[in-house]
file final26.csv (CSV, C-alpha atoms)
chain,number,residue,atom,x,y,z
U,1,MET,CA,16.8,-3.7,-27.9
U,2,THR,CA,14.3,-6.1,-26.3
U,3,ARG,CA,16.0,-8.8,-24.3
U,4,GLN,CA,14.7,-11.9,-22.6
U,5,HIS,CA,17.5,-12.3,-20.0
U,6,ALA,CA,18.4,-10.0,-17.1
U,7,ASP,CA,20.1,-10.1,-13.7
U,8,TYR,CA,16.8,-9.6,-12.0
U,9,LEU,CA,13.3,-10.7,-13.0
U,10,VAL,CA,10.5,-9.0,-11.1
U,11,ILE,CA,7.0,-10.5,-11.2
U,12,GLY,CA,4.3,-7.9,-10.6
U,13,GLY,CA,3.9,-4.4,-11.8
U,14,GLY,CA,2.1,-2.8,-8.9
U,15,ILE,CA,3.8,-0.1,-6.7
U,16,ALA,CA,5.9,-2.7,-4.9
U,17,GLY,CA,7.3,-4.4,-8.0
U,18,MET,CA,7.6,-1.2,-10.1
U,19,SER,CA,9.5,0.8,-7.4
U,20,ALA,CA,11.8,-2.0,-6.5
U,21,ALA,CA,12.6,-2.7,-10.2
U,22,ALA,CA,13.4,0.9,-10.7
U,23,GLU,CA,15.7,1.1,-7.8
U,24,ILE,CA,17.5,-2.2,-8.7
U,25,ALA,CA,17.9,-1.0,-12.3
U,26,ALA,CA,20.3,1.7,-11.2
U,27,ALA,CA,23.1,-0.9,-11.0
U,28,SER,CA,21.7,-4.1,-12.6
U,29,SER,CA,19.7,-5.3,-15.6
U,30,VAL,CA,16.0,-5.8,-14.8
U,31,ILE,CA,12.9,-7.2,-16.5
U,32,LEU,CA,9.5,-6.6,-15.0
U,33,LEU,CA,6.6,-8.9,-15.9
U,34,GLU,CA,3.0,-7.8,-15.4
U,35,ARG,CA,0.1,-10.2,-16.0
U,36,GLU,CA,-2.4,-7.5,-16.9
U,37,SER,CA,-2.5,-5.2,-20.0
U,38,GLN,CA,-1.4,-2.3,-17.8
U,39,PRO,CA,0.7,-2.3,-14.6
U,40,GLY,CA,-0.9,-1.3,-11.3
U,41,TYR,CA,-4.4,-2.5,-12.4
U,42,HIS,CA,-5.4,-4.2,-9.2
U,43,SER,CA,-4.4,-2.9,-5.8
U,44,THR,CA,-2.3,0.1,-6.8
U,45,GLY,CA,-4.7,1.4,-9.4
U,46,ARG,CA,-7.7,1.3,-7.0
U,47,SER,CA,-6.1,2.9,-4.0
U,48,ALA,CA,-7.3,6.1,-2.4
U,49,ALA,CA,-4.0,6.4,-0.7
U,50,MET,CA,-3.0,8.9,1.9
U,51,PHE,CA,0.2,9.4,3.9
U,52,VAL,CA,-0.7,8.9,7.5
U,53,ALA,CA,2.3,8.6,9.8
U,54,THR,CA,0.3,6.9,12.6
U,55,TYR,CA,-1.1,4.2,10.3
U,56,GLY,CA,0.0,0.5,10.7
U,57,PRO,CA,2.1,-1.5,13.1
U,58,PRO,CA,5.5,-0.2,14.3
U,59,PRO,CA,7.7,-1.5,11.4
U,60,VAL,CA,5.2,0.0,8.9
U,61,ARG,CA,5.2,3.4,10.7
U,62,ALA,CA,9.0,3.3,10.6
U,63,LEU,CA,9.1,2.6,6.8
U,64,SER,CA,6.5,5.4,6.3
U,65,ALA,CA,8.7,7.8,8.2
U,66,ALA,CA,11.7,6.8,6.0
U,67,ALA,CA,9.6,7.2,2.8
U,68,ARG,CA,8.4,10.7,3.6
U,69,PRO,CA,11.5,12.6,2.4
U,70,PHE,CA,11.2,11.0,-1.0
U,71,LEU,CA,7.5,11.8,-1.3
U,72,ASP,CA,8.1,15.4,-0.2
U,73,ALA,CA,10.9,15.9,-2.6
U,74,PRO,CA,11.2,13.2,-5.4
U,75,PRO,CA,14.2,13.2,-7.8
U,76,ASP,CA,14.2,15.7,-10.7
U,77,ARG,CA,11.9,14.7,-13.5
U,78,PHE,CA,10.3,12.0,-11.4
U,79,ALA,CA,6.9,13.6,-11.5
U,80,ASP,CA,5.4,16.7,-13.2
U,81,HIS,CA,3.8,18.0,-10.0
U,82,PRO,CA,4.0,17.3,-6.2
U,83,LEU,CA,3.2,13.7,-5.0
U,84,LEU,CA,1.7,14.9,-1.8
U,85,THR,CA,-1.2,17.4,-1.2
U,86,PRO,CA,-1.8,18.3,2.4
U,87,ARG,CA,-4.9,16.9,4.0
U,88,ALA,CA,-5.1,16.3,7.8
U,89,VAL,CA,-6.5,13.1,9.3
U,90,LEU,CA,-9.1,13.3,12.0
U,91,ALA,CA,-9.5,10.0,14.0
U,92,ILE,CA,-12.8,10.1,15.8
U,93,GLY,CA,-14.1,7.9,18.6
U,94,ARG,CA,-17.2,7.2,20.7
U,95,GLU,CA,-17.0,7.1,24.5
U,96,ASP,CA,-16.2,3.3,24.3
U,97,GLN,CA,-13.2,4.0,22.1
U,98,ALA,CA,-11.5,6.4,24.4
U,99,ALA,CA,-8.7,4.0,25.2
U,100,THR,CA,-7.9,3.6,21.4
U,101,LEU,CA,-7.6,7.4,21.0
U,102,ALA,CA,-5.4,7.7,24.1
U,103,GLN,CA,-3.1,4.9,22.7
U,104,MET,CA,-2.9,6.8,19.3
U,105,VAL,CA,-1.6,9.9,21.2
U,106,ALA,CA,0.9,7.9,23.2
U,107,ASP,CA,2.3,6.1,20.1
U,108,ALA,CA,2.6,9.3,18.2
U,109,ALA,CA,4.5,11.0,21.1
U,110,ALA,CA,6.9,8.0,21.3
U,111,GLU,CA,7.6,8.2,17.6
U,112,GLY,CA,7.8,12.0,17.3
U,113,THR,CA,4.7,12.3,15.2
U,114,VAL,CA,2.7,15.5,15.7
U,115,VAL,CA,-0.9,14.9,16.7
U,116,GLU,CA,-3.4,16.9,18.7
U,117,ALA,CA,-6.2,15.6,20.9
U,118,LEU,CA,-9.5,17.5,20.2
U,119,THR,CA,-12.7,17.9,22.1
U,120,PRO,CA,-15.9,16.9,20.4
U,121,GLU,CA,-16.7,20.5,19.8
U,122,ALA,CA,-13.3,21.1,18.1
U,123,ALA,CA,-13.9,18.0,15.9
U,124,LEU,CA,-17.3,19.3,14.8
U,125,ARG,CA,-15.7,22.7,13.9
U,126,ARG,CA,-13.3,20.8,11.6
U,127,VAL,CA,-16.1,18.7,10.1
U,128,PRO,CA,-19.6,20.2,10.7
U,129,ALA,CA,-21.2,17.1,9.2
U,130,LEU,CA,-20.2,15.0,12.2
U,131,ARG,CA,-23.3,14.0,14.2
U,132,PRO,CA,-23.5,15.8,17.6
U,133,GLY,CA,-23.4,13.2,20.4
U,134,TYR,CA,-21.6,10.5,18.3
U,135,VAL,CA,-18.1,11.9,18.7
U,136,ALA,CA,-16.7,11.7,22.3
U,137,GLY,CA,-13.1,12.6,21.3
U,138,ALA,CA,-10.8,12.9,18.4
U,139,VAL,CA,-7.1,13.0,17.4
U,140,LEU,CA,-5.9,15.3,14.6
U,141,GLU,CA,-2.8,14.4,12.6
U,142,PRO,CA,-2.2,17.8,10.8
U,143,ASP,CA,0.8,16.7,8.6
U,144,ALA,CA,-1.0,13.9,6.7
U,145,SER,CA,-1.4,14.2,2.9
U,146,ASP,CA,-3.2,12.8,0.0
U,147,ILE,CA,-0.8,10.8,-2.3
U,148,ASP,CA,-1.0,11.1,-6.1
U,149,VAL,CA,-0.9,7.3,-6.6
U,150,HIS,CA,-0.8,7.5,-10.4
U,151,ALA,CA,2.1,10.0,-10.4
U,152,LEU,CA,4.1,7.9,-7.9
U,153,HIS,CA,3.6,4.7,-9.9
U,154,HIS,CA,4.2,6.4,-13.2
U,155,GLY,CA,7.3,8.1,-11.8
U,156,TYR,CA,8.8,4.7,-10.9
U,157,GLN,CA,7.9,3.4,-14.4
U,158,ARG,CA,9.6,6.3,-16.0
U,159,MET,CA,12.6,5.7,-13.7
U,160,LEU,CA,12.8,2.1,-14.7
U,161,ARG,CA,12.8,2.8,-18.4
U,162,GLY,CA,15.3,5.6,-17.9
U,163,ARG,CA,17.6,3.1,-16.4
U,164,ASP,CA,17.1,0.6,-19.3
U,165,GLY,CA,14.8,-1.7,-17.4
U,166,GLN,CA,12.2,-3.4,-19.4
U,167,LEU,CA,8.5,-3.9,-18.7
U,168,PHE,CA,6.4,-6.6,-20.4
U,169,THR,CA,2.6,-6.5,-19.9
U,170,ASP,CA,0.1,-9.3,-20.8
U,171,ALA,CA,2.9,-11.6,-19.4
U,172,GLU,CA,1.0,-13.8,-17.0
U,173,VAL,CA,3.4,-16.4,-15.5
U,174,GLU,CA,2.5,-20.0,-16.5
U,175,ARG,CA,5.5,-22.0,-15.4
U,176,ILE,CA,8.7,-21.4,-13.5
U,177,GLU,CA,11.9,-23.6,-13.5
U,178,TRP,CA,15.2,-23.3,-11.7
U,179,THR,CA,17.9,-24.8,-14.0
U,180,GLY,CA,21.5,-24.3,-14.6
U,181,GLY,CA,21.8,-21.8,-11.8
U,182,HIS,CA,19.2,-19.4,-13.1
U,183,TRP,CA,15.4,-19.0,-13.3
U,184,GLN,CA,13.4,-19.6,-16.4
U,185,VAL,CA,9.9,-18.1,-16.4
U,186,PHE,CA,7.4,-19.1,-19.1
U,187,THR,CA,4.7,-16.6,-19.9
U,188,ARG,CA,2.2,-15.7,-22.6
U,189,ARG,CA,4.8,-13.3,-23.9
U,190,GLY,CA,7.5,-16.0,-24.1
U,191,ARG,CA,10.3,-17.2,-21.9
U,192,PHE,CA,12.4,-15.0,-19.6
U,193,GLU,CA,15.6,-15.8,-17.7
U,194,ALA,CA,17.3,-14.3,-14.7
U,195,GLY,CA,19.7,-15.1,-11.9
U,196,VAL,CA,17.3,-13.7,-9.3
U,197,LEU,CA,13.5,-13.9,-9.2
U,198,ILE,CA,11.6,-11.2,-7.2
U,199,ASP,CA,8.1,-12.1,-6.3
U,200,ALA,CA,6.1,-8.9,-6.1
U,201,ALA,CA,2.9,-10.4,-7.4
U,202,GLY,CA,0.6,-9.0,-4.6
U,203,ALA,CA,-2.4,-11.2,-4.1
U,204,TRP,CA,-0.9,-13.8,-6.4
U,205,ALA,CA,2.5,-13.9,-4.7
U,206,ASP,CA,1.9,-17.2,-2.9
U,207,GLY,CA,0.8,-18.7,-6.2
U,208,VAL,CA,3.9,-17.5,-7.9
U,209,ALA,CA,6.0,-19.1,-5.1
U,210,ARG,CA,4.2,-22.4,-5.6
U,211,LEU,CA,5.0,-22.3,-9.4
U,212,ALA,CA,8.7,-21.8,-8.4
U,213,GLY,CA,8.6,-24.7,-5.9
U,214,VAL,CA,8.8,-22.3,-3.0
U,215,GLU,CA,6.8,-22.7,0.2
U,216,PRO,CA,4.2,-20.0,0.5
U,217,VAL,CA,4.3,-17.6,3.5
U,218,GLY,CA,0.6,-17.5,4.1
U,219,LEU,CA,-0.5,-14.3,2.4
U,220,THR,CA,-4.2,-13.5,2.5
U,221,PRO,CA,-5.8,-11.1,-0.1
U,222,LYS,CA,-8.6,-9.0,1.5
U,223,ARG,CA,-11.3,-7.0,-0.2
U,224,ARG,CA,-11.6,-3.3,0.5
U,225,THR,CA,-14.7,-1.5,-0.7
U,226,ALA,CA,-15.2,2.2,-1.6
U,227,ILE,CA,-18.0,4.4,-2.8
U,228,THR,CA,-18.4,8.1,-3.8
U,229,PHE,CA,-21.5,10.2,-3.4
U,230,ASP,CA,-22.4,13.9,-3.6
U,231,PRO,CA,-22.5,16.1,-0.5
U,232,PRO,CA,-25.3,18.6,0.0
U,233,GLU,CA,-24.8,21.6,-2.4
U,234,ASP,CA,-24.8,24.1,0.5
U,235,MET,CA,-22.1,22.2,2.4
U,236,PRO,CA,-18.4,23.1,1.5
U,237,THR,CA,-16.2,20.1,2.0
U,238,ALA,CA,-13.0,20.7,0.1
U,239,GLY,CA,-11.0,21.7,3.3
U,240,TRP,CA,-12.2,18.7,5.4
U,241,PRO,CA,-9.6,16.2,6.7
U,242,LEU,CA,-10.0,12.5,6.1
U,243,VAL,CA,-12.2,11.3,8.9
U,244,LEU,CA,-11.3,7.9,10.3
U,245,ASP,CA,-13.0,5.8,12.9
U,246,CYS,CA,-10.1,5.2,15.4
U,247,ASP,CA,-10.8,1.4,15.3
U,248,GLU,CA,-10.9,1.6,11.5
U,249,GLN,CA,-14.5,0.7,11.1
U,250,PHE,CA,-15.0,3.3,8.3
U,251,TYR,CA,-13.5,6.5,6.8
U,252,PHE,CA,-14.5,9.2,4.5
U,253,LYS,CA,-12.9,12.2,2.8
U,254,PRO,CA,-13.5,14.8,0.1
U,255,GLU,CA,-12.5,13.6,-3.4
U,256,GLY,CA,-13.0,15.6,-6.6
U,257,GLY,CA,-16.1,17.5,-5.3
U,258,ARG,CA,-17.6,14.3,-3.9
U,259,ILE,CA,-17.3,12.3,-0.7
U,260,LEU,CA,-15.3,9.1,-0.9
U,261,ALA,CA,-16.2,6.6,1.8
U,262,SER,CA,-15.3,3.1,2.8
U,263,PRO,CA,-16.4,0.6,5.5
U,264,ALA,CA,-12.7,-0.3,5.9
U,265,ASP,CA,-13.6,-3.9,5.2
U,266,ALA,CA,-11.0,-6.6,5.1
U,267,THR,CA,-12.8,-9.7,3.8
U,268,PRO,CA,-10.5,-12.6,2.8
U,269,VAL,CA,-11.0,-13.5,-0.9
U,270,GLU,CA,-9.2,-15.5,-3.5
U,271,PRO,CA,-6.9,-13.5,-5.9
U,272,CYS,CA,-9.2,-12.1,-8.5
U,273,ASP,CA,-10.4,-9.0,-10.3
U,274,VAL,CA,-12.4,-8.1,-7.2
U,275,GLN,CA,-15.7,-6.3,-7.3
U,276,PRO,CA,-17.8,-4.6,-4.6
U,277,GLU,CA,-20.5,-6.6,-2.7
U,278,GLU,CA,-23.8,-5.0,-2.1
U,279,LEU,CA,-23.7,-5.7,1.6
U,280,ASP,CA,-20.4,-3.9,2.0
U,281,VAL,CA,-21.8,-0.9,0.1
U,282,ALA,CA,-24.8,-0.9,2.4
U,283,VAL,CA,-22.6,-1.1,5.5
U,284,THR,CA,-20.6,1.9,4.2
U,285,VAL,CA,-23.8,4.0,3.8
U,286,ASP,CA,-25.0,3.0,7.3
U,287,ARG,CA,-21.8,3.8,9.1
U,288,VAL,CA,-21.4,7.2,7.4
U,289,GLN,CA,-25.0,8.1,8.1
U,290,THR,CA,-24.7,7.0,11.7
U,291,ALA,CA,-21.6,9.1,12.4
U,292,THR,CA,-22.6,12.1,10.3
U,293,THR,CA,-25.6,14.1,9.0
U,294,LEU,CA,-24.4,13.5,5.4
U,295,PRO,CA,-27.3,12.0,3.3
U,296,VAL,CA,-26.2,9.4,0.8
U,297,ALA,CA,-29.0,10.0,-1.8
U,298,ARG,CA,-27.2,8.4,-4.7
U,299,ILE,CA,-24.0,6.5,-5.1
U,300,THR,CA,-22.0,7.9,-8.0
U,301,HIS,CA,-19.4,5.2,-8.1
U,302,ARG,CA,-18.5,2.0,-6.3
U,303,TRP,CA,-15.5,-0.3,-6.5
U,304,ALA,CA,-13.3,-2.7,-4.6
U,305,GLY,CA,-9.6,-3.5,-4.4
U,306,LEU,CA,-7.3,-6.1,-3.0
U,307,ARG,CA,-5.0,-5.6,0.0
U,308,THR,CA,-2.8,-8.5,0.8
U,309,PHE,CA,-1.6,-9.3,4.3
U,310,PRO,CA,0.9,-11.8,5.9
U,311,PRO,CA,-0.3,-13.4,9.2
U,312,ASP,CA,1.4,-10.7,11.4
U,313,GLY,CA,0.4,-7.7,9.1
U,314,VAL,CA,4.0,-6.7,8.4
U,315,PRO,CA,5.3,-6.7,4.8
U,316,VAL,CA,7.5,-9.5,3.6
U,317,ALA,CA,10.8,-8.5,2.0
U,318,GLY,CA,13.8,-10.7,1.8
U,319,TRP,CA,15.4,-13.9,0.6
U,320,ASP,CA,13.6,-17.2,0.9
U,321,ASP,CA,15.4,-19.5,3.2
U,322,GLY,CA,14.5,-22.6,1.3
U,323,ARG,CA,15.2,-21.8,-2.3
U,324,ASP,CA,18.2,-20.0,-3.8
U,325,ALA,CA,17.8,-16.7,-5.6
U,326,PHE,CA,14.1,-16.3,-4.7
U,327,PHE,CA,13.3,-12.9,-3.2
U,328,TRP,CA,10.0,-12.0,-1.6
U,329,LEU,CA,8.4,-8.5,-1.8
U,330,ALA,CA,4.8,-8.9,-0.9
U,331,GLY,CA,2.1,-8.4,1.8
U,332,GLN,CA,2.1,-4.6,2.0
U,333,GLY,CA,-1.5,-4.6,3.1
U,334,GLY,CA,-3.0,-1.1,3.1
U,335,TYR,CA,0.4,0.5,3.5
U,336,GLY,CA,2.1,-0.2,0.1
U,337,ILE,CA,1.8,3.2,-1.4
U,338,GLN,CA,3.0,5.3,1.5
U,339,THR,CA,5.9,3.0,2.3
U,340,ALA,CA,6.9,2.3,-1.3
U,341,PRO,CA,10.0,4.6,-1.5
U,342,ALA,CA,11.5,3.1,1.6
U,343,LEU,CA,10.5,-0.5,1.0
U,344,ALA,CA,11.9,-0.3,-2.6
U,345,ARG,CA,15.3,1.0,-1.4
U,346,LEU,CA,15.3,-1.7,1.3
U,347,ALA,CA,14.4,-4.4,-1.1
U,348,ALA,CA,17.0,-3.2,-3.7
U,349,ALA,CA,19.7,-3.2,-1.0
U,350,LEU,CA,18.9,-6.7,0.2
U,351,ALA,CA,18.5,-8.1,-3.3
U,352,ARG,CA,21.9,-6.7,-4.3
U,353,GLN,CA,23.3,-7.9,-0.9
U,354,LYS,CA,24.2,-4.4,0.1
U,355,PRO,CA,23.8,-2.7,3.5
U,356,LEU,CA,20.4,-1.2,4.3
U,357,PRO,CA,20.1,2.5,3.5
U,358,ALA,CA,21.0,4.8,6.5
U,359,GLU,CA,17.5,6.5,6.4
U,360,ILE,CA,15.9,3.1,7.0
U,361,VAL,CA,18.4,1.9,9.7
U,362,ASP,CA,18.0,5.2,11.5
U,363,ARG,CA,14.3,4.5,11.9
U,364,GLY,CA,15.1,1.2,13.6
U,365,VAL,CA,14.1,-1.1,10.8
U,366,GLU,CA,16.1,-4.3,10.5
U,367,ALA,CA,16.1,-6.9,7.7
U,368,ALA,CA,14.9,-9.6,10.2
U,369,ASP,CA,11.7,-7.5,10.8
U,370,LEU,CA,10.5,-8.1,7.2
U,371,SER,CA,12.2,-11.4,6.4
U,372,PRO,CA,10.0,-14.4,5.3
U,373,ARG,CA,11.9,-16.4,7.9
U,374,ARG,CA,9.9,-14.8,10.7
U,375,LEU,CA,6.8,-16.4,9.3
U,376,ARG,CA,8.3,-19.9,9.3
U,377,LYS,CA,9.8,-20.1,12.8
U,378,GLY,CA,9.0,-23.5,14.3
U,379,THR,CA,7.6,-24.8,11.0
U,380,ARG,CA,10.7,-26.4,9.7

call {"tool": "encode", "arguments": {"input": "final26.csv", "output": "structure tokens"}}
result
Amino acid sequence: MTRQHADYLVIGGGIAGMSAAAEIAAASSVILLERESQPGYHSTGRSAAMFVATYGPPPVRALSAAARPFLDAPPDRFADHPLLTPRAVLAIGREDQAATLAQMVADAAAEGTVVEALTPEAALRRVPALRPGYVAGAVLEPDASDIDVHALHHGYQRMLRGRDGQLFTDAEVERIEWTGGHWQVFTRRGRFEAGVLIDAAGAWADGVARLAGVEPVGLTPKRRTAITFDPPEDMPTAGWPLVLDCDEQFYFKPEGGRILASPADATPVEPCDVQPEELDVAVTVDRVQTATTLPVARITHRWAGLRTFPPDGVPVAGWDDGRDAFFWLAGQGGYGIQTAPALARLAAALARQKPLPAEIVDRGVEAADLSPRRLRKGTR
């Protein structure tokens, strides 16, 4: 039976909102509201995600490590096939980037992540298209993997429904009121009520906060561009790793018989249905052709997505300190897919005022690391 009232109301049906709603629904009633006609349309649906243990600042790397067991072995009937497909990551660097490569090796050793420093010759054996003379060194992360984003997102949607949670699409939020000890959210699909409001609206999260009378935390949506093109017919690419500039100036990897490439751009934009800019596409082509011998004769597809960052680059998850019953779950940047299982469990525990899961605590993650309070120190 369709209901308009629940214990928890989650705004945003991307991977963050969907996974948290599914976890919370194990013990509480949940309604999830998505502004688009399908959940995951913006950031989640446009992600070419990989699991890379060395990616992101320390709290993100810790969340990724905590998420890995779920991604390796999800619950029964969560997905019809594995969520991860092995694909190594090869971080490359020029001579002037040697310090960055050395720091990557040191960080990995400190966190117990397996990596291997490679000579230029060894890197070229892995990816023969790398241009001789460009690569001065490389670091291989052999245990990285492609993530099936659709299967992960759909699995959480299936979990939510299996736990009697409800999903409403085409439910853009128009007004939010706090009255009588609960939230009232007015949408194009009608009015919804809940004791707790969880803001998982991605690029729109600060806007949702304003509607609720909550001070924004300073989230910045940033555009990320990607293209695909065909490799030479006589060049087998299927077994290549993802190749990443160690300062994240570009990356490329095999994808469905083609090459997917990005300039790793992070251009601040207003929340929108973001589209690729011609300049960013041209930069992608230039960087790929500078670092490799791959010709980009024809671009077969181009697109852009939004990645939303707080000022310090660490996701925001926790209770707002200025408004009762308002919970933040936003700002996952480019790490939202690979951290989702851990961040969802963390958010569910905090939202239900329960202790953090042991697998997260064991990685050294504390609630204060992600709390919105850290972004407001000295501002009140």

call {"tool": "closest_atom_pairs", "arguments": {"input": "final26.csv", "of": "range 296-328 of chain U", "to": "range 183-201 of chain U", "cutoff": "10 Å", "atoms": "all atoms listed in the file", "output": "JSON lines"}}
result
{"residue": "U:Val316", "atom": "CA", "partner": "U:Ala200", "partner_atom": "CA", "distance": 9.8}
{"residue": "U:Ala317", "atom": "CA", "partner": "U:Ala200", "partner_atom": "CA", "distance": 9.4}
{"residue": "U:Gly318", "atom": "CA", "partner": "U:Ile198", "partner_atom": "CA", "distance": 9.3}
{"residue": "U:Trp319", "atom": "CA", "partner": "U:Ile198", "partner_atom": "CA", "distance": 9.1}
{"residue": "U:Asp324", "atom": "CA", "partner": "U:Val196", "partner_atom": "CA", "distance": 8.4}
{"residue": "U:Ala325", "atom": "CA", "partner": "U:Val196", "partner_atom": "CA", "distance": 4.8}
{"residue": "U:Phe326", "atom": "CA", "partner": "U:Leu197", "partner_atom": "CA", "distance": 5.1}
{"residue": "U:Phe327", "atom": "CA", "partner": "U:Ile198", "partner_atom": "CA", "distance": 4.7}
{"residue": "U:Trp328", "atom": "CA", "partner": "U:Asp199", "partner_atom": "CA", "distance": 5.1}

call {"tool": "closest_residue", "arguments": {"input": "final26.csv", "among": "U:Leu84, U:Ala205, U:Ala138, U:Ala144", "to": "Val105 in chain U", "atoms": "only C-alpha atoms"}}
result
U:Ala138

call {"tool": "residues_around", "arguments": {"input": "final26.csv", "residues": "Thr100 in chain U", "least_positions_apart": "3", "cutoff": "8 Å", "atoms": "only C-alpha atoms", "output": "list in words"}}
result
Gln97, Gln103, Met104, Cys246 and Asp247 of chain U

call {"tool": "write_last_selection", "arguments": {"input": "final26.csv", "atoms": "C-alpha atoms", "output": "CSV table (one decimal), in the coordinates of the input"}}
result
chain,number,residue,atom,x,y,z
U,97,GLN,CA,-13.2,4.0,22.1
U,103,GLN,CA,-3.1,4.9,22.7
U,104,MET,CA,-2.9,6.8,19.3
U,246,CYS,CA,-10.1,5.2,15.4
U,247,ASP,CA,-10.8,1.4,15.3

call {"tool": "residues_around", "arguments": {"input": "final26.csv", "residues": "Arg61 in chain U", "least_positions_apart": "2", "cutoff": "12 Å", "atoms": "all atoms listed in the file", "output": "PyMOL selection string"}}
result
chain U and resi 51-59+63-68+107-108+110-113+314-315+335-336+338-339+342-343+360+363-365

call {"tool": "closest_residue", "arguments": {"input": "final26.csv", "among": "U:Leu124, U:Val288, U:Leu33, U:Leu242", "to": "Glu172 in chain U", "atoms": "only C-alpha atoms"}}
result
U:Leu33

call {"tool": "closest_atom_pairs", "arguments": {"input": "final26.csv", "of": "range 61-159 of chain U", "to": "range 14-18 of chain U", "cutoff": "7 Å", "atoms": "all atoms listed in the file", "output": "tab-separated table"}}
result
residue	atom	partner	partner_atom	distance
U:His153	CA	U:Ile15	CA	5.8
U:Tyr156	CA	U:Met18	CA	6.1
U:Gln157	CA	U:Met18	CA	6.3

call {"tool": "write_last_selection", "arguments": {"input": "final26.csv", "atoms": "C-alpha atoms", "output": "short mmCIF file (atom, residue, chain, number, x, y, z; two decimals), keeping the file's coordinate frame"}}
result
data_model
loop_
_atom_site.label_atom_id
_atom_site.label_comp_id
_atom_site.auth_asym_id
_atom_site.auth_seq_id
_atom_site.Cartn_x
_atom_site.Cartn_y
_atom_site.Cartn_z
CA HIS U 153 3.60 4.70 -9.90
CA TYR U 156 8.80 4.70 -10.90
CA GLN U 157 7.90 3.40 -14.40
#

call {"tool": "closest_residue", "arguments": {"input": "final26.csv", "among": "U:Ala27, U:Val274, U:Thr284, U:Asp245", "to": "Ala261 in chain U", "atoms": "only C-alpha atoms"}}
result
U:Thr284

call {"tool": "residues_near_point", "arguments": {"input": "final26.csv", "point": "(0.1, -6.8, 1.0)", "cutoff": "6 Å", "atoms": "only C-alpha atoms", "output": "list in words"}}
result
Arg307, Thr308, Phe309, Ala330, Gly331, Gln332 and Gly333 of chain U

call {"tool": "residues_near_point", "arguments": {"input": "final26.csv", "point": "(3.7, -6.0, -11.3)", "cutoff": "10 Å", "atoms": "all atoms listed in the file", "output": "MDAnalysis selection string"}}
result
chainID U and resid 10:19 21 32:36 38:42 44 167:169 171 199:202

call {"tool": "residues_around", "arguments": {"input": "final26.csv", "residues": "Trp204 in chain U", "least_positions_apart": "4", "cutoff": "9 Å", "atoms": "all atoms listed in the file", "output": "list in words"}}
result
Gly12, Ala200, Val208, Ala209, Leu219, Pro221, Glu270, Pro271 and Cys272 of chain U

call {"tool": "atom_distance", "arguments": {"input": "final26.csv", "atom1": "CA of Ala344 in chain U", "atom2": "CA of Val149 in chain U"}}
result
15.4 Å

call {"tool": "atom_distance", "arguments": {"input": "final26.csv", "atom1": "CA of Ala22 in chain U", "atom2": "CA of Leu71 in chain U"}}
result
15.6 Å

call {"tool": "atom_distance", "arguments": {"input": "final26.csv", "atom1": "CA of Leu356 in chain U", "atom2": "CA of Arg373 in chain U"}}
result
17.8 Å

call {"tool": "decode", "arguments": {"input": "final26.csv", "residues": "range 333-343 of chain U", "atoms": "N, CA and C atoms", "output": "mmCIF file, in the first residue's frame"}}
result
data_model
loop_
_atom_site.group_PDB
_atom_site.id
_atom_site.type_symbol
_atom_site.label_atom_id
_atom_site.label_comp_id
_atom_site.auth_asym_id
_atom_site.auth_seq_id
_atom_site.Cartn_x
_atom_site.Cartn_y
_atom_site.Cartn_z
ATOM 1 N N GLY U 333 31.936 13.330 -4.033
ATOM 2 C CA GLY U 333 32.944 13.587 -5.049
ATOM 3 C C GLY U 333 32.988 12.477 -6.083
ATOM 4 N N GLY U 334 34.183 12.023 -6.410
ATOM 5 C CA GLY U 334 34.336 10.937 -7.367
ATOM 6 C C GLY U 334 34.449 9.577 -6.723
ATOM 7 N N TYR U 335 34.094 9.487 -5.431
ATOM 8 C CA TYR U 335 34.308 8.257 -4.680
ATOM 9 C C TYR U 335 33.005 7.583 -4.259
ATOM 10 N N GLY U 336 31.868 8.125 -4.703
ATOM 11 C CA GLY U 336 30.582 7.681 -4.178
ATOM 12 C C GLY U 336 30.255 6.232 -4.464
ATOM 13 N N ILE U 337 30.652 5.736 -5.645
ATOM 14 C CA ILE U 337 30.310 4.360 -5.996
ATOM 15 C C ILE U 337 31.132 3.385 -5.169
ATOM 16 N N GLN U 338 32.439 3.582 -5.123
ATOM 17 C CA GLN U 338 33.281 2.598 -4.456
ATOM 18 C C GLN U 338 33.159 2.637 -2.941
ATOM 19 N N THR U 339 32.692 3.732 -2.378
ATOM 20 C CA THR U 339 32.509 3.809 -0.921
ATOM 21 C C THR U 339 31.081 3.515 -0.487
ATOM 22 N N ALA U 340 30.152 3.369 -1.448
ATOM 23 C CA ALA U 340 28.728 3.314 -1.117
ATOM 24 C C ALA U 340 28.357 2.280 -0.045
ATOM 25 N N PRO U 341 28.814 1.034 -0.130
ATOM 26 C CA PRO U 341 28.396 0.072 0.893
ATOM 27 C C PRO U 341 28.795 0.482 2.307
ATOM 28 N N ALA U 342 30.003 1.024 2.454
ATOM 29 C CA ALA U 342 30.448 1.445 3.785
ATOM 30 C C ALA U 342 29.748 2.723 4.221
ATOM 31 N N LEU U 343 29.636 3.682 3.314
ATOM 32 C CA LEU U 343 29.017 4.952 3.680
ATOM 33 C C LEU U 343 27.536 4.763 3.994
#
